[in-house]
>>> print(open('my_file_38.txt').read())   # compact mmCIF, C-alpha atoms
# COMPACT_ATOMS: atom_id res chain seq x y z
CA MET R 1 95.70 65.20 125.62
CA THR R 2 93.13 68.01 126.00
CA SER R 3 95.62 70.85 125.53
CA PRO R 4 95.94 72.35 122.03
CA THR R 5 99.74 72.37 121.85
CA VAL R 6 100.11 71.50 118.18
CA GLN R 7 102.69 73.62 116.31
CA PRO R 8 102.82 75.09 112.78
CA TRP R 9 104.93 72.97 110.39
CA PRO R 10 108.07 74.78 109.17
CA HIS R 11 107.78 75.49 105.45
CA LEU R 12 111.04 74.53 103.71
CA SER R 13 110.40 75.03 99.99
CA SER R 14 107.77 75.02 97.21
CA ARG R 15 107.62 74.05 93.54
CA HIS R 16 104.69 74.62 91.20
CA GLY R 17 102.98 71.83 89.28
CA GLU R 18 100.33 71.87 86.56
CA ASP R 19 97.88 74.75 86.04
CA LEU R 20 94.47 73.06 86.12
CA ARG R 21 92.38 76.16 85.23
CA LEU R 22 90.27 76.09 88.41
CA PHE R 23 93.45 75.95 90.50
CA ARG R 24 97.23 75.63 90.23
CA THR R 25 99.04 72.80 91.96
CA ARG R 26 102.03 73.40 94.26
CA TRP R 27 104.24 70.97 96.16
CA ASP R 28 105.36 72.30 99.56
CA THR R 29 108.19 70.69 101.49
CA VAL R 30 107.42 70.89 105.20
CA ARG R 31 108.79 69.42 108.42
CA ASN R 32 106.56 67.59 110.88
CA PRO R 33 107.34 69.20 114.26
CA ARG R 34 106.26 65.99 116.04
CA THR R 35 108.70 63.68 114.23
CA SER R 36 111.14 66.19 112.60
CA GLU R 37 110.56 64.30 109.33
CA GLU R 38 110.56 66.29 106.06
CA MET R 39 107.82 65.57 103.51
CA GLU R 40 106.19 66.95 100.37
CA ARG R 41 102.53 67.94 100.48
CA ILE R 42 100.21 68.86 97.61
CA VAL R 43 98.52 72.27 97.76
CA CYS R 44 95.94 73.65 95.29
CA GLU R 45 96.28 77.43 94.88
CA THR R 46 92.68 78.38 94.34
CA PRO R 47 91.07 81.81 93.93
CA ASP R 48 88.42 82.76 96.49
CA TRP R 49 84.81 81.86 95.73
CA VAL R 50 81.55 83.54 96.64
CA ASN R 51 77.94 82.40 96.96
CA VAL R 52 74.63 84.06 97.74
CA VAL R 53 71.62 83.18 99.91
CA ALA R 54 69.00 85.27 98.06
CA PHE R 55 65.52 85.81 99.50
CA THR R 56 62.62 87.13 97.45
CA PRO R 57 60.32 89.71 99.13
CA GLU R 58 58.09 86.70 100.04
CA ARG R 59 61.09 85.13 101.89
CA GLU R 60 61.49 82.33 99.37
CA LEU R 61 64.95 81.28 98.21
CA VAL R 62 66.41 81.83 94.74
CA MET R 63 67.93 78.44 93.79
CA ILE R 64 69.58 77.23 90.59
CA HIS R 65 69.73 73.91 88.75
CA GLN R 66 73.05 73.14 87.09
CA TYR R 67 74.71 70.01 85.66
CA ARG R 68 77.98 69.44 87.52
CA PHE R 69 80.99 67.68 86.01
CA GLY R 70 82.41 66.30 89.28
CA THR R 71 79.31 64.40 90.41
CA ARG R 72 77.81 64.12 86.86
CA ARG R 73 74.46 65.11 88.33
CA ILE R 74 72.08 68.06 88.02
CA GLU R 75 72.62 69.79 91.37
CA ILE R 76 70.32 72.22 93.17
CA GLU R 77 72.50 75.04 94.47
CA ILE R 78 72.55 78.70 95.40
CA PRO R 79 74.13 81.12 92.90
CA GLY R 80 77.88 81.71 93.16
CA GLY R 81 81.25 81.43 91.47
CA LEU R 82 84.87 82.53 91.33
CA ILE R 83 85.84 86.02 92.46
CA ASP R 84 87.47 87.67 89.43
CA PRO R 85 90.87 89.41 89.77
CA GLY R 86 90.32 92.92 91.15
CA GLU R 87 86.80 92.20 92.41
CA THR R 88 85.76 92.48 96.04
CA PRO R 89 83.71 89.60 97.41
CA GLU R 90 80.66 91.95 97.50
CA THR R 91 81.02 92.99 93.85
CA SER R 92 81.42 89.38 92.84
CA ALA R 93 78.33 88.30 94.81
CA VAL R 94 76.13 90.96 93.17
CA ARG R 95 77.50 90.01 89.73
CA GLU R 96 77.07 86.25 90.17
CA LEU R 97 73.46 86.61 91.38
CA GLU R 98 72.59 88.75 88.36
CA GLU R 99 74.52 86.69 85.76
CA GLU R 100 73.32 83.27 86.94
CA THR R 101 69.70 84.13 87.82
CA GLY R 102 68.77 87.51 86.34
CA PHE R 103 67.78 88.63 89.86
CA ALA R 104 68.93 91.79 91.67
CA ALA R 105 68.54 92.43 95.39
CA LYS R 106 67.92 95.49 97.58
CA ARG R 107 69.87 94.67 100.73
CA TRP R 108 73.22 92.88 100.92
CA THR R 109 74.86 91.49 104.08
CA ARG R 110 78.16 89.63 104.41
CA LEU R 111 77.50 86.41 106.33
CA GLY R 112 81.08 85.21 106.77
CA SER R 113 83.36 82.75 105.04
CA VAL R 114 84.50 79.14 105.18
CA ALA R 115 87.60 77.28 104.03
CA PRO R 116 86.37 74.72 101.45
CA ASN R 117 89.22 72.37 102.38
CA PRO R 118 92.07 73.72 104.55
CA ALA R 119 93.94 70.41 104.15
CA TYR R 120 95.02 71.26 100.60
CA GLN R 121 93.12 74.29 99.26
CA THR R 122 94.34 77.81 99.95
CA ASN R 123 91.05 79.60 99.39
CA HIS R 124 87.94 80.78 101.20
CA CYS R 125 84.33 80.90 100.06
CA TRP R 126 82.49 84.09 101.06
CA HIS R 127 78.81 83.82 101.90
CA PHE R 128 76.38 86.70 101.31
CA LEU R 129 72.76 87.35 102.18
CA ALA R 130 70.70 89.16 99.52
CA GLU R 131 67.23 90.33 100.55
CA GLY R 132 64.43 91.69 98.39
CA ALA R 133 65.67 89.76 95.34
CA VAL R 134 63.47 90.21 92.25
CA PRO R 135 63.88 89.44 88.53
CA SER R 136 65.61 92.45 87.03
CA GLY R 137 66.92 91.40 83.67
CA THR R 138 68.13 88.33 81.92
CA GLN R 139 70.73 85.70 82.72
CA ASP R 140 74.19 86.25 81.24
CA LEU R 141 75.73 82.75 81.19
CA ASP R 142 79.31 81.79 80.41
CA PRO R 143 79.85 79.36 77.50
CA GLY R 144 80.56 76.71 80.17
CA GLU R 145 77.23 77.19 81.95
CA ASP R 146 73.62 76.06 81.52
CA ILE R 147 71.51 77.15 84.47
CA THR R 148 67.81 77.34 85.27
CA VAL R 149 66.33 79.20 88.22
CA GLU R 150 63.73 77.99 90.72
CA VAL R 151 62.31 80.02 93.60
CA MET R 152 61.74 77.61 96.49
CA PRO R 153 60.01 77.90 99.87
CA GLN R 154 62.43 77.64 102.81
CA ASP R 155 60.92 74.37 104.10
CA ARG R 156 61.40 72.79 100.65
CA VAL R 157 65.11 73.72 100.79
CA VAL R 158 65.50 72.30 104.30
CA ALA R 159 63.83 69.05 103.18
CA ALA R 160 66.10 68.86 100.12
CA ILE R 161 69.22 69.27 102.28
CA ARG R 162 68.01 66.56 104.68
CA SER R 163 67.23 64.14 101.83
CA GLY R 164 70.57 64.77 100.09
CA GLU R 165 68.87 66.28 97.02
CA ILE R 166 70.86 69.42 97.85
CA SER R 167 74.39 68.14 98.55
CA HIS R 168 76.90 70.90 97.69
CA ALA R 169 78.77 71.49 100.97
CA LEU R 170 79.41 75.20 100.32
CA CYS R 171 75.73 75.87 99.63
CA ILE R 172 74.88 74.14 102.91
CA THR R 173 77.41 76.18 104.95
CA ALA R 174 75.86 79.37 103.49
CA LEU R 175 72.27 78.25 104.07
CA ALA R 176 73.10 77.19 107.66
CA HIS R 177 73.27 80.94 108.42
CA VAL R 178 69.52 81.29 107.82
CA LEU R 179 68.03 77.77 108.12
CA ASP R 180 67.93 75.42 111.10
CA LEU R 181 69.43 72.23 109.61
CA ARG R 182 69.50 70.09 112.75
CA THR R 183 68.38 66.50 112.27
CA GLY R 184 69.10 65.10 115.71
CA MET O 1 62.73 80.97 84.11
CA THR O 2 61.40 79.14 87.19
CA SER O 3 61.23 75.71 85.53
CA PRO O 4 64.17 73.34 86.16
CA THR O 5 64.60 72.22 82.57
CA VAL O 6 68.41 72.01 82.55
CA GLN O 7 69.82 68.86 80.86
CA PRO O 8 72.78 66.59 81.62
CA TRP O 9 75.81 67.39 79.41
CA PRO O 10 76.71 64.55 77.01
CA HIS O 11 80.05 63.04 78.00
CA LEU O 12 82.21 62.60 74.90
CA SER O 13 85.61 61.40 76.17
CA SER O 14 88.08 61.45 79.08
CA ARG O 15 91.86 61.49 79.52
CA HIS O 16 93.73 61.19 82.80
CA GLY O 17 96.21 63.80 84.04
CA GLU O 18 98.62 63.82 86.97
CA ASP O 19 98.15 61.69 90.09
CA LEU O 20 98.28 64.23 92.94
CA ARG O 21 98.14 61.70 95.83
CA LEU O 22 94.95 63.12 97.38
CA PHE O 23 93.22 62.89 94.00
CA ARG O 24 93.85 62.07 90.34
CA THR O 25 93.10 64.63 87.65
CA ARG O 26 90.95 63.82 84.61
CA TRP O 27 89.94 65.94 81.61
CA ASP O 28 86.41 65.23 80.39
CA THR O 29 85.22 66.43 77.00
CA VAL O 30 81.54 67.36 77.26
CA ARG O 31 78.97 69.14 75.11
CA ASN O 32 76.95 72.06 76.45
CA PRO O 33 73.32 71.17 75.60
CA ARG O 34 72.42 74.90 75.61
CA THR O 35 74.96 75.91 72.96
CA SER O 36 76.00 72.51 71.46
CA GLU O 37 79.62 73.63 72.02
CA GLU O 38 82.22 70.97 72.97
CA MET O 39 84.64 71.77 75.80
CA GLU O 40 87.16 70.16 78.16
CA ARG O 41 86.51 70.29 81.88
CA ILE O 42 88.87 69.36 84.75
CA VAL O 43 87.65 66.70 87.20
CA CYS O 44 89.44 65.53 90.38
CA GLU O 45 88.83 61.82 91.03
CA THR O 46 88.81 61.80 94.80
CA PRO O 47 88.14 58.94 97.25
CA ASP O 48 85.23 59.43 99.65
CA TRP O 49 85.93 61.07 102.99
CA VAL O 50 84.36 60.64 106.42
CA ASN O 51 84.11 62.77 109.55
CA VAL O 52 82.67 62.35 113.01
CA VAL O 53 80.61 64.53 115.37
CA ALA O 54 81.63 62.86 118.66
CA PHE O 55 79.83 63.68 121.92
CA THR O 56 81.22 62.74 125.33
CA PRO O 57 78.73 61.40 127.92
CA GLU O 58 78.53 65.04 129.18
CA ARG O 59 77.41 66.12 125.65
CA GLU O 60 80.62 67.99 124.95
CA LEU O 61 82.28 67.72 121.53
CA VAL O 62 85.57 65.95 120.77
CA MET O 63 87.52 68.44 118.61
CA ILE O 64 91.04 68.33 117.19
CA HIS O 65 93.74 70.91 116.48
CA GLN O 66 95.78 70.29 113.34
CA TYR O 67 98.14 72.37 111.18
CA ARG O 68 96.75 72.48 107.66
CA PHE O 69 98.91 72.89 104.55
CA GLY O 70 96.26 74.60 102.38
CA THR O 71 95.47 77.50 104.73
CA ARG O 72 98.85 77.30 106.59
CA ARG O 73 96.92 77.66 109.84
CA ILE O 74 96.22 75.51 112.87
CA GLU O 75 92.57 74.58 112.34
CA ILE O 76 90.02 73.39 114.86
CA GLU O 77 88.15 70.49 113.29
CA ILE O 78 86.24 67.32 114.00
CA PRO O 79 88.09 64.01 113.46
CA GLY O 80 87.95 62.49 109.97
CA GLY O 81 89.89 61.40 106.93
CA LEU O 82 89.97 59.35 103.74
CA ILE O 83 88.00 56.12 103.50
CA ASP O 84 90.55 53.39 102.80
CA PRO O 85 90.00 50.91 99.93
CA GLY O 86 87.66 48.13 101.11
CA GLU O 87 86.40 50.09 104.13
CA THR O 88 82.76 51.01 104.67
CA PRO O 89 82.10 54.62 105.72
CA GLU O 90 81.14 53.29 109.21
CA THR O 91 84.38 51.32 109.66
CA SER O 92 86.37 54.32 108.51
CA ALA O 93 84.56 56.65 110.94
CA VAL O 94 85.24 54.39 113.93
CA ARG O 95 88.91 54.03 112.89
CA GLU O 96 89.49 57.76 112.29
CA LEU O 97 87.97 58.74 115.66
CA GLU O 98 90.21 56.24 117.45
CA GLU O 99 93.41 56.97 115.49
CA GLU O 100 93.13 60.76 115.61
CA THR O 101 91.80 61.19 119.17
CA GLY O 102 92.22 57.93 121.13
CA PHE O 103 88.45 58.04 121.83
CA ALA O 104 85.94 55.25 121.25
CA ALA O 105 82.16 55.68 121.25
CA LYS O 106 79.17 53.56 122.29
CA ARG O 107 76.52 54.58 119.76
CA TRP O 108 77.07 55.34 116.08
CA THR O 109 74.54 56.96 113.72
CA ARG O 110 74.98 57.83 110.03
CA LEU O 111 73.98 61.49 109.60
CA GLY O 112 74.18 61.72 105.81
CA SER O 113 76.67 62.94 103.26
CA VAL O 114 77.61 66.03 101.26
CA ALA O 115 79.46 66.61 98.00
CA PRO O 116 82.55 68.69 98.91
CA ASN O 117 82.52 70.30 95.46
CA PRO O 118 80.28 68.80 92.76
CA ALA O 119 81.71 71.27 90.22
CA TYR O 120 84.95 69.29 89.89
CA GLN O 121 85.27 66.67 92.67
CA THR O 122 83.71 63.24 92.27
CA ASN O 123 83.51 62.34 95.94
CA HIS O 124 81.24 62.56 98.95
CA CYS O 125 82.02 63.17 102.60
CA TRP O 126 80.05 60.97 105.01
CA HIS O 127 79.04 62.45 108.35
CA PHE O 128 78.65 60.30 111.47
CA LEU O 129 77.36 60.91 114.98
CA ALA O 130 79.25 59.14 117.79
CA GLU O 131 77.70 59.26 121.26
CA GLY O 132 79.19 58.25 124.58
CA ALA O 133 82.74 58.93 123.35
CA VAL O 134 85.41 58.37 126.00
CA PRO O 135 89.21 58.05 125.95
CA SER O 136 89.95 54.39 125.26
CA GLY O 137 93.55 54.18 124.23
CA THR O 138 96.15 56.28 122.56
CA GLN O 139 96.32 58.19 119.31
CA ASP O 140 97.84 56.35 116.34
CA LEU O 141 98.97 59.15 114.02
CA ASP O 142 100.24 58.87 110.45
CA PRO O 143 103.74 60.25 109.74
CA GLY O 144 101.96 63.18 108.02
CA GLU O 145 99.89 64.09 111.10
CA ASP O 146 100.35 66.05 114.33
CA ILE O 147 97.07 66.35 116.20
CA THR O 148 95.98 67.39 119.68
CA VAL O 149 92.53 66.80 121.13
CA GLU O 150 90.29 69.27 122.95
CA VAL O 151 86.88 68.49 124.41
CA MET O 152 84.71 71.60 123.93
CA PRO O 153 81.27 72.64 125.19
CA GLN O 154 78.69 72.95 122.39
CA ASP O 155 78.27 76.72 122.84
CA ARG O 156 82.03 77.20 122.47
CA VAL O 157 81.92 75.32 119.14
CA VAL O 158 78.97 77.42 117.91
CA ALA O 159 80.83 80.62 118.85
CA ALA O 160 83.98 79.41 117.08
CA ILE O 161 82.01 78.70 113.88
CA ARG O 162 80.37 82.15 114.02
CA SER O 163 83.72 83.89 114.59
CA GLY O 164 85.46 81.96 111.78
CA GLU O 165 87.85 80.27 114.23
CA ILE O 166 86.35 77.01 112.98
CA SER O 167 86.28 77.40 109.18
CA HIS O 168 86.51 73.93 107.58
CA ALA O 169 83.36 73.68 105.46
CA LEU O 170 83.00 69.89 105.87
CA CYS O 171 83.21 70.11 109.66
CA ILE O 172 80.47 72.76 109.57
CA THR O 173 78.16 70.67 107.36
CA ALA O 174 78.55 67.79 109.83
CA LEU O 175 78.04 69.97 112.93
CA ALA O 176 74.94 71.61 111.35
CA HIS O 177 73.19 68.26 112.00
CA VAL O 178 73.41 68.83 115.76
CA LEU O 179 73.98 72.59 116.28
CA ASP O 180 71.76 75.54 115.37
CA LEU O 181 74.19 77.70 113.35
CA ARG O 182 71.77 80.45 112.30
CA THR O 183 73.16 83.98 112.55
CA GLY O 184 70.27 85.92 110.98
>>> encode(input="my_file_38.txt", output="structure tokens")
Amino acid sequence: MTSPTVQPWPHLSSRHGEDLRLFRTRWDTVRNPRTSEEMERIVCETPDWVNVVAFTPERELVMIHQYRFGTRRIEIEIPGGLIDPGETPETSAVRELEEETGFAAKRWTRLGSVAPNPAYQTNHCWHFLAEGAVPSGTQDLDPGEDITVEVMPQDRVVAAIRSGEISHALCITALAHVLDLRTG
Amino acid sequence: MTSPTVQPWPHLSSRHGEDLRLFRTRWDTVRNPRTSEEMERIVCETPDWVNVVAFTPERELVMIHQYRFGTRRIEIEIPGGLIDPGETPETSAVRELEEETGFAAKRWTRLGSVAPNPAYQTNHCWHFLAEGAVPSGTQDLDPGEDITVEVMPQDRVVAAIRSGEISHALCITALAHVLDLRTG
């Protein structure tokens, strides 16, 4: 029971479903190696995403407020978005910080990536650290965006994660690279 | 620019799309309060999820290996799943730990919740701490599951998160309650 002997599931066929703008659906037929049973599983083909932990020179965090259609709530998040076709994760991170906040940063470091949901999403979300972030221009928002910026002290961000005021999982996995989020 | 003056977007209408088993699609028509423009946005109506940070009496972590259809990779995760209709998050957490691992735990604590993706998912994922987890029976796997269990020392789990071997965002947000995941 303690040995990781699980096997990949043979992939038998695929058919595409609806294009839902943020992702395209696909039905994969697979075989369970444990039972030999064939079954169809939903997969969402999703482009990679990126987000940015941006520190000002005073080591405060550049956060955004944005109304979100899934939770129907104004969420406090870090800047980020979809990686455009042809972009590298780095290029996308620099662009999203500037477009969503009007800030530019001196030093950029790739922090790593996570799989938002390996059960049915194909994509990864790349996390970046931006240091020395200062206002450099103006926001350049998409028609589908309405965003305000707030620079927050680190302890305020930790408190907001602990209280649930900050709840976006992918912002928390990025911020966990720089903040101690333990509650126990 | 530093004042959080963003407004909720008026919700004008909704129409349902395809039922994709793990979630049901819905198109909401909303109005951007910044531009007054009307637009349709995709929403995935998703049931709440639960996952469990389970410590053995020796303070090791109960992890699972599972082939995932989104990333087509065997992932290392913590136990968890969908909350069934009528279940509380607590009941679901106890059930998922037992079904997926065959372990039962003495002490249960609610750690909090995250929004897996507030941009287009309606749901939350509830995180639980289970202490004193010991083998108590046998796994009871769904036809769509093939899972093996591995008890791992905490430092091995931290190293696996840092290396990307553990990549499931919702496992990382749960484990951040008990592990210091800072890399900077």
>>> atom_distance(input="my_file_38.txt", atom1="atom CA of R:Gln121", atom2="atom CA of R:Asp48")
10.1 Å
>>> atom_distance(input="my_file_38.txt", atom1="atom CA of R:Asn117", atom2="atom CA of R:Thr173")
12.7 Å
>>> closest_residue(input="my_file_38.txt", among="O:Ile64, O:Val52, O:Ala159, O:Val94", to="chain R", atoms="only C-alpha atoms")
O:Ile64
>>> closest_residue(input="my_file_38.txt", among="O:Val114, O:Leu129, O:Val6, O:Val50", to="O:Thr91", atoms="only C-alpha atoms")
O:Val50
>>> residues_near_point(input="my_file_38.txt", point="(66.4, 65.0, 95.5)", cutoff="12 Å", atoms="only C-alpha atoms", output="ChimeraX atom specification")
/R:65,73-77,156-167
>>> closest_residue(input="my_file_38.txt", among="O:Pro33, O:Gly112, O:Gly17, O:Gly70", to="O:Ala174", atoms="all atoms listed in the file")
O:Gly112
>>> atom_distance(input="my_file_38.txt", atom1="atom CA of R:Glu98", atom2="atom CA of O:Gln7")
21.4 Å
>>> closest_residue(input="my_file_38.txt", among="O:Pro57, O:Pro89, O:Gly144, O:Gly132", to="chain R", atoms="all atoms listed in the file")
O:Gly144
>>> closest_residue(input="my_file_38.txt", among="R:Arg15, R:Arg59, R:Arg34, R:Arg110", to="chain O", atoms="all atoms listed in the file")
R:Arg34
>>> residues_near_point(input="my_file_38.txt", point="(88.2, 64.3, 105.9)", cutoff="8 Å", atoms="all atoms listed in the file", output="compact mmCIF listing (two decimals) with C-alpha atoms, in the frame of the given file")
# COMPACT_ATOMS: atom_id res chain seq x y z
CA TRP O 49 85.93 61.07 102.99
CA VAL O 50 84.36 60.64 106.42
CA ASN O 51 84.11 62.77 109.55
CA PRO O 79 88.09 64.01 113.46
CA GLY O 80 87.95 62.49 109.97
CA GLY O 81 89.89 61.40 106.93
CA LEU O 82 89.97 59.35 103.74
CA CYS O 125 82.02 63.17 102.60
CA LEU O 170 83.00 69.89 105.87
>>> residues_around(input="my_file_38.txt", residues="R:Tyr120", least_positions_apart="3", cutoff="9 Å", atoms="all atoms listed in the file", output="PyMOL selection string")
(chain R and resi 41-45+117) or (chain O and resi 22+68-71)
>>> axis_aligned_box(input="my_file_38.txt", around="stretch 127-137 of chain R", padding_each_side="8 Å", output="AutoDock Vina command-line options")
--center_x 71.1 --center_y 88.1 --center_z 92.9 --size_x 31.3 --size_y 24.6 --size_z 34.5
>>> residues_around(input="my_file_38.txt", residues="O:Val30", least_positions_apart="2", cutoff="12 Å", atoms="only C-alpha atoms", output="number ranges by chain")
R: 67-69, 72, 144-145; O: 8-14, 27-28, 32-43
>>> closest_residue(input="my_file_38.txt", among="R:Glu131, R:Glu150, R:Asp155, R:Glu100", to="chain O", atoms="all atoms listed in the file")
R:Glu150
>>> decode(input="my_file_38.txt", residues="stretch 112-136 of chain O", atoms="N, CA and C atoms", output="mmCIF file, in the first residue's frame")
data_model
loop_
_atom_site.group_PDB
_atom_site.id
_atom_site.type_symbol
_atom_site.label_atom_id
_atom_site.label_comp_id
_atom_site.auth_asym_id
_atom_site.auth_seq_id
_atom_site.Cartn_x
_atom_site.Cartn_y
_atom_site.Cartn_z
ATOM 1 N N GLY O 112 -9.501 26.053 6.233
ATOM 2 C CA GLY O 112 -9.937 27.190 5.427
ATOM 3 C C GLY O 112 -10.310 26.727 4.044
ATOM 4 N N SER O 113 -10.481 27.690 3.140
ATOM 5 C CA SER O 113 -10.837 27.323 1.773
ATOM 6 C C SER O 113 -10.191 28.289 0.798
ATOM 7 N N VAL O 114 -10.115 27.870 -0.459
ATOM 8 C CA VAL O 114 -9.640 28.744 -1.538
ATOM 9 C C VAL O 114 -10.647 28.667 -2.682
ATOM 10 N N ALA O 115 -10.577 29.650 -3.572
ATOM 11 C CA ALA O 115 -11.342 29.614 -4.819
ATOM 12 C C ALA O 115 -10.393 29.102 -5.905
ATOM 13 N N PRO O 116 -10.652 27.907 -6.465
ATOM 14 C CA PRO O 116 -9.717 27.360 -7.460
ATOM 15 C C PRO O 116 -9.478 28.300 -8.635
ATOM 16 N N ASN O 117 -10.519 28.972 -9.109
ATOM 17 C CA ASN O 117 -10.340 29.998 -10.137
ATOM 18 C C ASN O 117 -11.537 30.936 -10.188
ATOM 19 N N PRO O 118 -11.502 32.015 -9.392
ATOM 20 C CA PRO O 118 -12.658 32.920 -9.318
ATOM 21 C C PRO O 118 -13.006 33.574 -10.649
ATOM 22 N N ALA O 119 -12.073 33.547 -11.621
ATOM 23 C CA ALA O 119 -12.352 34.156 -12.923
ATOM 24 C C ALA O 119 -13.520 33.468 -13.618
ATOM 25 N N TYR O 120 -13.617 32.133 -13.500
ATOM 26 C CA TYR O 120 -14.720 31.469 -14.207
ATOM 27 C C TYR O 120 -15.268 30.232 -13.503
ATOM 28 N N GLN O 121 -14.769 29.884 -12.316
ATOM 29 C CA GLN O 121 -15.346 28.773 -11.559
ATOM 30 C C GLN O 121 -16.064 29.324 -10.334
ATOM 31 N N THR O 122 -17.232 28.722 -10.047
ATOM 32 C CA THR O 122 -18.053 29.229 -8.943
ATOM 33 C C THR O 122 -17.648 28.655 -7.586
ATOM 34 N N ASN O 123 -16.819 27.621 -7.594
ATOM 35 C CA ASN O 123 -16.688 26.812 -6.374
ATOM 36 C C ASN O 123 -15.515 27.191 -5.481
ATOM 37 N N HIS O 124 -15.522 26.550 -4.310
ATOM 38 C CA HIS O 124 -14.410 26.625 -3.363
ATOM 39 C C HIS O 124 -13.864 25.228 -3.111
ATOM 40 N N CYS O 125 -12.620 25.175 -2.684
ATOM 41 C CA CYS O 125 -12.013 23.920 -2.242
ATOM 42 C C CYS O 125 -11.679 24.073 -0.764
ATOM 43 N N TRP O 126 -12.247 23.178 0.051
ATOM 44 C CA TRP O 126 -12.080 23.234 1.509
ATOM 45 C C TRP O 126 -10.896 22.373 1.912
ATOM 46 N N HIS O 127 -10.025 22.974 2.735
ATOM 47 C CA HIS O 127 -8.830 22.260 3.193
ATOM 48 C C HIS O 127 -9.022 21.796 4.638
ATOM 49 N N PHE O 128 -8.659 20.540 4.898
ATOM 50 C CA PHE O 128 -8.745 19.991 6.253
ATOM 51 C C PHE O 128 -7.407 19.433 6.705
ATOM 52 N N LEU O 129 -7.192 19.507 8.030
ATOM 53 C CA LEU O 129 -6.041 18.879 8.671
ATOM 54 C C LEU O 129 -6.551 17.645 9.410
ATOM 55 N N ALA O 130 -5.911 16.494 9.146
ATOM 56 C CA ALA O 130 -6.252 15.247 9.851
ATOM 57 C C ALA O 130 -4.998 14.788 10.583
ATOM 58 N N GLU O 131 -5.103 14.638 11.891
ATOM 59 C CA GLU O 131 -3.927 14.221 12.679
ATOM 60 C C GLU O 131 -4.161 12.848 13.296
ATOM 61 N N GLY O 132 -3.048 12.119 13.480
ATOM 62 C CA GLY O 132 -3.159 10.762 14.007
ATOM 63 C C GLY O 132 -3.746 9.798 12.993
ATOM 64 N N ALA O 133 -3.381 9.994 11.709
ATOM 65 C CA ALA O 133 -3.943 9.147 10.638
ATOM 66 C C ALA O 133 -3.204 7.812 10.581
ATOM 67 N N VAL O 134 -3.974 6.742 10.639
ATOM 68 C CA VAL O 134 -3.410 5.387 10.590
ATOM 69 C C VAL O 134 -4.252 4.522 9.644
ATOM 70 N N PRO O 135 -3.619 3.474 9.073
ATOM 71 C CA PRO O 135 -4.392 2.564 8.213
ATOM 72 C C PRO O 135 -5.521 1.944 9.030
ATOM 73 N N SER O 136 -6.730 1.946 8.496
ATOM 74 C CA SER O 136 -7.876 1.469 9.271
ATOM 75 C C SER O 136 -8.725 0.497 8.494
#
